[in-house]
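Asker: For reference, this is input-v4.txt, and it has compact mmCIF, N, CA and C atoms.
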# COMPACT_ATOMS: atom_id res chain seq x y z
N MET A 1 0.85 -1.17 0.00
CA MET A 1 0.00 0.00 0.00
C MET A 1 0.89 1.23 0.00
N ARG A 2 0.70 2.07 -0.95
CA ARG A 2 1.54 3.25 -1.09
C ARG A 2 0.66 4.50 -1.12
N CYS A 3 1.13 5.55 -0.47
CA CYS A 3 0.44 6.82 -0.48
C CYS A 3 0.93 7.62 -1.68
N ASP A 4 -0.01 8.08 -2.49
CA ASP A 4 0.36 8.86 -3.66
C ASP A 4 0.80 10.26 -3.26
N GLU A 5 1.62 10.84 -4.10
CA GLU A 5 2.09 12.21 -3.89
C GLU A 5 0.87 13.13 -3.82
N GLY A 6 0.81 13.95 -2.79
CA GLY A 6 -0.28 14.90 -2.63
C GLY A 6 -1.54 14.33 -1.99
N ALA A 7 -1.55 13.04 -1.71
CA ALA A 7 -2.72 12.41 -1.09
C ALA A 7 -2.77 12.76 0.41
N ASP A 8 -3.92 12.51 1.00
CA ASP A 8 -4.13 12.78 2.43
C ASP A 8 -3.36 11.75 3.27
N ILE A 9 -2.27 12.20 3.88
CA ILE A 9 -1.41 11.30 4.65
C ILE A 9 -2.13 10.78 5.90
N LYS A 10 -3.03 11.59 6.47
CA LYS A 10 -3.77 11.14 7.65
C LYS A 10 -4.70 9.97 7.29
N ALA A 11 -5.35 10.05 6.16
CA ALA A 11 -6.21 8.95 5.71
C ALA A 11 -5.37 7.71 5.40
N HIS A 12 -4.20 7.92 4.83
CA HIS A 12 -3.30 6.81 4.53
C HIS A 12 -2.89 6.09 5.83
N PHE A 13 -2.50 6.87 6.83
CA PHE A 13 -2.10 6.27 8.10
C PHE A 13 -3.28 5.59 8.79
N ALA A 14 -4.46 6.18 8.68
CA ALA A 14 -5.65 5.55 9.27
C ALA A 14 -5.88 4.17 8.66
N GLU A 15 -5.68 4.06 7.35
CA GLU A 15 -5.86 2.77 6.69
C GLU A 15 -4.75 1.78 7.09
N LEU A 16 -3.51 2.26 7.18
CA LEU A 16 -2.42 1.38 7.63
C LEU A 16 -2.68 0.87 9.05
N LEU A 17 -3.12 1.75 9.92
CA LEU A 17 -3.41 1.35 11.30
C LEU A 17 -4.58 0.37 11.36
N ARG A 18 -5.58 0.59 10.51
CA ARG A 18 -6.71 -0.33 10.47
C ARG A 18 -6.25 -1.71 10.03
N LEU A 19 -5.42 -1.77 9.00
CA LEU A 19 -4.90 -3.05 8.53
C LEU A 19 -4.02 -3.72 9.58
N HIS A 20 -3.22 -2.92 10.27
CA HIS A 20 -2.36 -3.44 11.34
C HIS A 20 -3.21 -4.08 12.44
N GLU A 21 -4.28 -3.38 12.81
CA GLU A 21 -5.19 -3.89 13.84
C GLU A 21 -5.92 -5.15 13.36
N SER A 22 -6.31 -5.18 12.10
CA SER A 22 -6.98 -6.37 11.54
C SER A 22 -6.07 -7.58 11.60
N LEU A 23 -4.80 -7.37 11.26
CA LEU A 23 -3.84 -8.48 11.35
C LEU A 23 -3.73 -8.99 12.79
N ALA A 24 -3.66 -8.07 13.73
CA ALA A 24 -3.56 -8.46 15.14
C ALA A 24 -4.80 -9.24 15.57
N ASN A 25 -5.96 -8.79 15.11
CA ASN A 25 -7.20 -9.49 15.46
C ASN A 25 -7.27 -10.90 14.88
N MET A 26 -6.54 -11.13 13.79
CA MET A 26 -6.48 -12.45 13.19
C MET A 26 -5.38 -13.31 13.80
N GLY A 27 -4.66 -12.74 14.76
CA GLY A 27 -3.60 -13.49 15.42
C GLY A 27 -2.24 -13.36 14.75
N ALA A 28 -2.15 -12.56 13.72
CA ALA A 28 -0.87 -12.35 13.01
C ALA A 28 -0.19 -11.13 13.62
N THR A 29 0.84 -11.37 14.40
CA THR A 29 1.52 -10.25 15.02
C THR A 29 2.59 -9.70 14.08
N LEU A 30 2.62 -8.42 13.99
CA LEU A 30 3.59 -7.72 13.17
C LEU A 30 4.49 -6.94 14.13
N LYS A 31 5.77 -7.26 14.11
CA LYS A 31 6.70 -6.57 15.00
C LYS A 31 6.73 -5.09 14.66
N ASP A 32 6.97 -4.26 15.68
CA ASP A 32 6.98 -2.82 15.47
C ASP A 32 8.01 -2.43 14.41
N HIS A 33 9.16 -3.07 14.41
CA HIS A 33 10.18 -2.75 13.41
C HIS A 33 9.65 -2.99 12.00
N ASP A 34 8.93 -4.08 11.81
CA ASP A 34 8.37 -4.39 10.50
C ASP A 34 7.30 -3.37 10.09
N PHE A 35 6.48 -2.97 11.04
CA PHE A 35 5.45 -1.96 10.75
C PHE A 35 6.12 -0.62 10.42
N HIS A 36 7.17 -0.32 11.13
CA HIS A 36 7.97 0.90 10.89
C HIS A 36 8.47 0.91 9.44
N VAL A 37 8.99 -0.21 8.99
CA VAL A 37 9.50 -0.33 7.61
C VAL A 37 8.36 -0.16 6.61
N ILE A 38 7.21 -0.72 6.90
CA ILE A 38 6.04 -0.58 6.02
C ILE A 38 5.64 0.89 5.92
N ILE A 39 5.62 1.58 7.05
CA ILE A 39 5.27 3.00 7.05
C ILE A 39 6.24 3.77 6.17
N LEU A 40 7.53 3.57 6.39
CA LEU A 40 8.54 4.30 5.62
C LEU A 40 8.42 4.01 4.12
N GLY A 41 8.21 2.77 3.78
CA GLY A 41 8.12 2.37 2.38
C GLY A 41 6.85 2.82 1.69
N SER A 42 5.86 3.21 2.47
CA SER A 42 4.58 3.59 1.89
C SER A 42 4.48 5.08 1.56
N LEU A 43 5.49 5.84 1.97
CA LEU A 43 5.41 7.29 1.81
C LEU A 43 5.94 7.76 0.46
N PRO A 44 5.37 8.85 -0.04
CA PRO A 44 5.85 9.40 -1.31
C PRO A 44 7.27 9.96 -1.19
N GLU A 45 7.89 10.14 -2.32
CA GLU A 45 9.27 10.64 -2.39
C GLU A 45 9.45 11.98 -1.69
N SER A 46 8.45 12.82 -1.70
CA SER A 46 8.57 14.15 -1.09
C SER A 46 8.81 14.09 0.42
N TYR A 47 8.55 12.95 1.03
CA TYR A 47 8.77 12.80 2.47
C TYR A 47 10.18 12.36 2.82
N HIS A 48 10.99 12.04 1.84
CA HIS A 48 12.34 11.55 2.11
C HIS A 48 13.21 12.52 2.90
N PRO A 49 13.19 13.84 2.61
CA PRO A 49 13.98 14.76 3.45
C PRO A 49 13.53 14.75 4.92
N LEU A 50 12.24 14.71 5.15
CA LEU A 50 11.73 14.65 6.51
C LEU A 50 12.17 13.36 7.19
N LEU A 51 12.08 12.24 6.48
CA LEU A 51 12.48 10.96 7.05
C LEU A 51 13.97 10.92 7.36
N SER A 52 14.77 11.56 6.53
CA SER A 52 16.21 11.65 6.81
C SER A 52 16.46 12.44 8.08
N SER A 53 15.73 13.52 8.26
CA SER A 53 15.87 14.33 9.48
C SER A 53 15.45 13.55 10.72
N ILE A 54 14.35 12.84 10.61
CA ILE A 54 13.87 12.03 11.73
C ILE A 54 14.90 10.94 12.07
N SER A 55 15.43 10.30 11.04
CA SER A 55 16.42 9.26 11.23
C SER A 55 17.68 9.80 11.92
N ALA A 56 18.13 10.96 11.48
CA ALA A 56 19.31 11.58 12.09
C ALA A 56 19.05 11.93 13.55
N ALA A 57 17.88 12.45 13.83
CA ALA A 57 17.55 12.82 15.21
C ALA A 57 17.49 11.60 16.12
N THR A 58 16.94 10.50 15.62
CA THR A 58 16.86 9.30 16.46
C THR A 58 18.24 8.71 16.72
N LYS A 59 19.15 8.87 15.76
CA LYS A 59 20.52 8.40 15.98
C LYS A 59 21.22 9.25 17.02
N ILE A 60 20.96 10.56 17.00
CA ILE A 60 21.59 11.46 17.97
C ILE A 60 21.11 11.15 19.38
N ILE A 61 19.80 10.96 19.53
CA ILE A 61 19.28 10.69 20.88
C ILE A 61 19.42 9.22 21.27
N GLN A 62 19.80 8.39 20.33
CA GLN A 62 20.03 6.96 20.53
C GLN A 62 18.82 6.25 21.14
N LYS A 63 17.66 6.63 20.61
CA LYS A 63 16.41 5.99 21.03
C LYS A 63 15.54 5.82 19.79
N PRO A 64 15.30 4.58 19.39
CA PRO A 64 14.46 4.38 18.21
C PRO A 64 13.02 4.81 18.47
N LEU A 65 12.38 5.30 17.43
CA LEU A 65 10.98 5.68 17.53
C LEU A 65 10.10 4.46 17.35
N ILE A 66 9.05 4.39 18.11
CA ILE A 66 8.06 3.35 17.84
C ILE A 66 7.20 3.85 16.68
N SER A 67 6.51 2.98 16.04
CA SER A 67 5.74 3.31 14.85
C SER A 67 4.73 4.43 15.08
N TYR A 68 4.07 4.41 16.22
CA TYR A 68 3.06 5.43 16.49
C TYR A 68 3.69 6.81 16.66
N GLU A 69 4.90 6.88 17.19
CA GLU A 69 5.62 8.15 17.29
C GLU A 69 6.00 8.65 15.89
N LEU A 70 6.44 7.73 15.05
CA LEU A 70 6.79 8.08 13.67
C LEU A 70 5.56 8.63 12.94
N ILE A 71 4.45 7.97 13.06
CA ILE A 71 3.21 8.43 12.43
C ILE A 71 2.85 9.81 12.96
N SER A 72 2.97 10.00 14.24
CA SER A 72 2.64 11.30 14.85
C SER A 72 3.53 12.41 14.30
N MET A 73 4.82 12.16 14.19
CA MET A 73 5.75 13.17 13.69
C MET A 73 5.45 13.52 12.23
N ILE A 74 5.20 12.52 11.42
CA ILE A 74 4.93 12.75 10.00
C ILE A 74 3.59 13.47 9.84
N THR A 75 2.60 13.08 10.61
CA THR A 75 1.29 13.73 10.55
C THR A 75 1.40 15.19 10.96
N GLU A 76 2.18 15.46 11.98
CA GLU A 76 2.37 16.84 12.43
C GLU A 76 2.99 17.69 11.32
N GLU A 77 3.96 17.15 10.63
CA GLU A 77 4.58 17.86 9.52
C GLU A 77 3.58 18.06 8.38
N TYR A 78 2.75 17.06 8.13
CA TYR A 78 1.74 17.14 7.08
C TYR A 78 0.77 18.29 7.35
N LYS A 79 0.42 18.51 8.61
CA LYS A 79 -0.51 19.57 8.98
C LYS A 79 0.04 20.95 8.63
N HIS A 80 1.36 21.06 8.66
CA HIS A 80 1.98 22.37 8.40
C HIS A 80 2.28 22.50 6.95
Translate this structure into structure tokens?

Answerer:
Amino acid sequence: MRCDEGADIKAHFAELLRLHESLANMGATLKDHDFHVIILGSLPESYHPLLSSISAATKIIQKPLISYELISMITEEYKH
């Protein structure tokens, strides 16, 4: 599932979260790292500079972001 350039990122994340929850309800657990990779891979090219900044910041603080924090940060940037 990929978000098109210019599409509503909040709606995209809502669908990803719904699918993630559906998998969990079926007993298929998806590790946070794997969900994180899915989120990153689903974003349009225009988000790459933001993702690079987020990645650099997490390396500096030496604390990986959980998927929901990543979604929150990207959504916040989308609002602006």

Asker: List the spatial neighbours of region 42-45 of chain A as a list in words - criterion: any atom at most 6.5 Å away, all atoms listed in the file, same-chain residues fewer than 5 positions off excluded.

Answerer: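 Here the qualifying residues turn out to be Met1, Arg2, Cys3, Asp4, Glu5 and Val37 of chain A.
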
Asker: Would you mind reading off the distance between CA of Pro49 (chain A) and CA of Lys79 (chain A), one decimal, in Å?

Answerer: 16.2 Å

Asker: In Å, rounded to a single decimal, give me how far CA of Lys10 (chain A) is from CA of Ala56 (chain A).

Answerer: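 If I compute the distance from CA of Ala56 (chain A) to CA of Lys10 (chain A), I get 23.5 Å.
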
Asker: Tell me, in Å to one decimal, how far atom N of Asp34 (chain A) is from atom N of Ile66 (chain A).

Answerer: 10.6 Å

Asker: Show me the residues close to (6.9, 9.9, 11.0) - anything with an atom within 10 Å, counting only C-alpha atoms - and format the list as number ranges by chain.

Answerer: A: 36, 39-40, 43, 47, 50-51, 54-55, 65-78

Asker: Between A:Asp32, A:His80, A:Ser52, A:Ser46, single out the one closest to Leu17 (chain A), counting only C-alpha atoms.

Answerer: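 Going through A:Asp32, A:His80, A:Ser52, A:Ser46 one by one, the smallest distance to Leu17 (chain A) is for A:Asp32.
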
Asker: Report as a PDB file with N, CA and C atoms, in the frame of the given file all protein, DNA and RNA residues lying within 8 Å of Leu30 (chain A), evaluated on only C-alpha atoms, omitting residues in the same chain fewer than 6 positions from it.

Answerer:
ATOM      1  N   HIS A  20      -3.220  -2.920  10.270  1.00  0.00           N
ATOM      2  CA  HIS A  20      -2.360  -3.440  11.340  1.00  0.00           C
ATOM      3  C   HIS A  20      -3.210  -4.080  12.440  1.00  0.00           C
ATOM      4  N   LEU A  23      -4.800  -7.370  11.260  1.00  0.00           N
ATOM      5  CA  LEU A  23      -3.840  -8.480  11.350  1.00  0.00           C
ATOM      6  C   LEU A  23      -3.730  -8.990  12.790  1.00  0.00           C
ATOM      7  N   ALA A  24      -3.660  -8.070  13.730  1.00  0.00           N
ATOM      8  CA  ALA A  24      -3.560  -8.460  15.140  1.00  0.00           C
ATOM      9  C   ALA A  24      -4.800  -9.240  15.570  1.00  0.00           C
TER      10      ALA A  24
END

Asker: Pull the helix (DSSP H, G or I) assignments for chain A out of DSSP run on the backbone, and list those residues as a ChimeraX atom specification.

Answerer: /A:9-25,32-42,45-61,67-79

Asker: Box in all listed atoms of region 11-23 of chain A, axis-aligned, with 8 Å more on each side; write out centre and edge lengths in Å to one decimal as JSON.

Answerer:
{"center_x": -4.5, "center_y": 0.5, "center_z": 9.2, "size_x": 20.9, "size_y": 35.0, "size_z": 25.3}
